[in-house]
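Have a look at the structure below before the remarks.
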Amino acid sequence: MDILERQKDYFYSGITRPYQYRKKALNLLKASIKANEEKLLKALQTDLNKSDFEAFTTEIGIVYAEIDFVLKNLKKWMKPKRVKTPLTHIGSVSKIYPDPYGASLIISPWNYPFQLAMTPLIGAIAGGNTAVIKPSELTPTVSNLIKEIISQTFVEDYVAVGLGGAEKSQELLNMPFDYIFFTGSVAVGKIVMEKASQHLIPITLELGGKSPVIVHEDASLKLAAKRVAWGKFTNSGQTCVAPDYLFVHENVKAQFLNYFTEAINQLYGDHPVNNPNYGKIVNDKHFHRLRGYLKSGKLYYGGKVNPDKRIIEPTVLVDVDQNDPIMTEEIFGPILPVLTYSNLNEAIDYIRRQPKPLSFYFFSETAHYQDTVLEQISFGGGCINDTLYHLGTPHLPFGGVGESGMGSYRGKHSFDTFTHKKSILKQSSRFDFPFRYPNSKNGLERA
Ligand code: NAD
């Protein structure tokens, strides 16, 4: 029997449905992660040179917080929700049951290799599903450890890990899972959607793209510079919601860039290439791709690289051509092209001509400007006067729109993602209205 048949049998045995089972599974998962925390920190350092602080705040800590939040609310979420019934249906009761889909498939990327495999899993478990996880092949130390942790914690019929690259992914995508949750690139997202369409499998696509920033002339510039620098260079820019490129108002460009380089020094020191806590690029292919971008425009700051360690300094480019690859491809690294505008509409127009971004960040102290950009630009989610922080809360759904993805998750939104809303009308057998049937002559008839 293949893994999917086994998981479907396990699911249909009913074992994964009760609240107590889900609660126990989430507690077990948390305990196993805790027991393996040291190994995880090491693995994240090996694969991506994440410092303990970064690994905890952006990977392990987020997973604990998500488990705690779900445990606190799950019982309430699982309750069928009674809704109104119209007068025409008198005698009956209407309820919406959050019903698990069954066997789910979770495919995850390499940039937050632990968190992006675990957070969807928490949703799958909370929803009462089984899961097969296919973590990234580009972060083998973390992916192997995920397999170890999951096999120590759960039987494979409940949660399994399939290791491998694109072929393994394709093998799993050819199977009729009941739900697919994919996090990764736009290109592979399209393959996933095509595969899912063969069996009409419901999907969530958490994709990427270019997330812009606008720093308007009335922004609190020093703080904006620090928050953009942090959002851009965390994990060396290898974050799906990292600021990709930045528009700054021409009147404040010089001052902003001064603050920005100050912020880089403050966060990563004068020589980030030698900073042991500064992240490395995941592999040579991505390192060379990023190095190629350095040919665009004019170098304003940074630009030093260390090919042996696969490190690229926090870098700022100005005067880039909008047709250069750096402005047409997702950068996914520590290089920030800075463009200018004189009228806010120019920046808005530019962004609207691009695929809808996963995230967008706007820095301005004026409510009117804030409302204008929120109304005029379509994007997955984002922040006013900050970067990345919208991800740190389980109360906000996280996901893209258009080419940056479909569906969302985190907290209750994960539970909703991993459950089908089954509508049930429970009818009374005590009486039967004849008028609903053809040829009814009388009013109420006793059944
Ligand atoms: P990717 O699409 O190359 O790989 C993601 C997963 O898909 C991996 O597990 C990989 O093995 C698998 N895969 C690769 N090629 C495949 C194929 N041809 N068929 C089937 N499966 C295949 O993405 P990546 O390089 O791992 O991650 C970077 C991308 O992910 C960026 O675009 C980034 O913006 C995006 N991302 C999005 C989010 C989000 O939450 N929206 C989070 C992190 C990363």
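Each chain in the structure tokens gets a letter, A, B and so on, in the order shown; residues start at 1 in every chain, and ligands are counted from 1 in the order they appear.
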Exercise for the section: May I have the residues within 7 Å of ligand 1, computed using only C-alpha atoms and all ligand atoms, as a PyMOL selection string? Expected result: chain A and resi 107-112+116+134-137+164-167+169-170+183-189+191-192+206-209+239-241+330+332+358+399-400+404-405
Compile the contact shell of Thr141 in chain A as a compact mmCIF listing (two decimals) with C-alpha atoms, in the first residue's frame: residues with an atom at most 9 Å away, counting only C-alpha atoms, same-chain residues fewer than 5 positions apart removed.
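What follows is the written file around23.txt:
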```txt
# COMPACT_ATOMS: atom_id res chain seq x y z
CA LEU A 40 17.57 22.45 15.00
CA LYS A 42 22.70 23.76 14.53
CA ALA A 43 20.98 22.53 11.37
CA LEU A 44 19.72 26.02 10.54
CA THR A 46 24.70 24.61 8.79
CA ASP A 47 22.30 25.14 5.91
CA ILE A 146 12.36 17.30 10.14
```
Exercise for the section: Find the residues around Leu396 in chain A up to 10 Å (only C-alpha atoms counted), leave out those fewer than 3 positions away in its own chain, and share them as a list in words. Expected result: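 What passes the distance filter is Gly381, His390, Leu391, Gly392, Thr393, Gly399, Ser408, Tyr409, Arg410, Gly411, Lys412 and His413 of chain A.
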Handout entry: Contacts of Tyr350 in chain A within 10 Å, only C-alpha atoms, excl. fewer than 5 positions in-chain, as a list in words
Key =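 Everything that qualifies: Phe247, Gln322 and Asn345 of chain A.
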Keeping C-alpha atoms, export the residues of the selection given above as a short mmCIF file (atom, residue, chain, number, x, y, z; two decimals), in the first residue's frame.
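out07.cif was written with the following content:
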```
data_model
loop_
_atom_site.label_atom_id
_atom_site.label_comp_id
_atom_site.auth_asym_id
_atom_site.auth_seq_id
_atom_site.Cartn_x
_atom_site.Cartn_y
_atom_site.Cartn_z
CA PHE A 247 10.78 53.80 -4.16
CA GLN A 322 13.54 49.05 -15.10
CA ASN A 345 1.02 58.30 -8.37
#
```
Contact table range 230-249 of chain A vs range 283-292 of chain A, cut-off 12 Å, shortest pair per residue, only C-alpha atoms, as a Markdown table:
```
| residue | atom | partner | partner_atom | distance |
| --- | --- | --- | --- | --- |
| A:Ser236 | CA | A:Phe287 | CA | 11.2 |
| A:Gly237 | CA | A:Leu290 | CA | 10.7 |
| A:Gln238 | CA | A:His286 | CA | 10.2 |
```
Output N, CA and C atoms of each residue in that selection to a file, as a PDB file, in the first residue's frame.
```
ATOM      1  N   SER A 236      19.611  37.242   4.947  1.00  0.00           N
ATOM      2  CA  SER A 236      20.290  37.705   3.730  1.00  0.00           C
ATOM      3  C   SER A 236      19.328  37.959   2.573  1.00  0.00           C
ATOM      4  N   GLY A 237      18.163  38.486   2.911  1.00  0.00           N
ATOM      5  CA  GLY A 237      17.203  38.839   1.850  1.00  0.00           C
ATOM      6  C   GLY A 237      16.453  37.648   1.283  1.00  0.00           C
ATOM      7  N   GLN A 238      16.688  36.456   1.836  1.00  0.00           N
ATOM      8  CA  GLN A 238      16.033  35.250   1.298  1.00  0.00           C
ATOM      9  C   GLN A 238      14.719  35.010   2.051  1.00  0.00           C
TER      10      GLN A 238
END
```
Practice task
Take CA of Gly333 in chain A and CA of Leu205 in chain A and report the distance between them in Å, one decimal.
Solution key: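 Here the two named atoms are 21.8 Å from each other.
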Exercise for the section: With a distance cut-off of 8 Å and only C-alpha atoms, select the neighbouring residues of Ile133 in chain A, excluding the residue or stretch itself and same-chain residues fewer than 5 positions from it, and output the selection as JSON, numbers by chain. Expected result: {"A": [105, 106, 107, 108, 117, 121, 159, 160, 161, 162]}
Exercise for the section: Mind the document's chain letters and residue numbers, and return as a PyMOL selection string the residues of range 8-154 of chain A that DSSP labels helix (DSSP H, G or I). Expected result: chain A and resi 8-12+19-35+37-48+52-78+87-89+115-126+140-153
Problem - Atomic separation - CA of Val305 in chain A relative to CA of Leu317 in chain A, Å - result: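 Computed distance, CA of Leu317 in chain A to CA of Val305 in chain A, equals 14.8 Å.
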Problem - Non-local contacts of range 369-373 of chain A (10 Å; only C-alpha atoms; under 2 positions in same chain excluded) as an MDAnalysis selection string - result: chainID A and resid 214 216 218 344:345 347:348 360:367 375:378 384:385
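Residues lying within 7 Å of Lys422 in chain A, counting only C-alpha atoms and ignoring same-chain neighbours fewer than 3 positions away, are Ile96, Tyr97, Pro98 and Asp99 of chain A.
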Practice task
Tell me, in Å to one decimal, how far CA of Ile60 in chain A is from CA of Lys147 in chain A.
Solution key: 15.8 Å
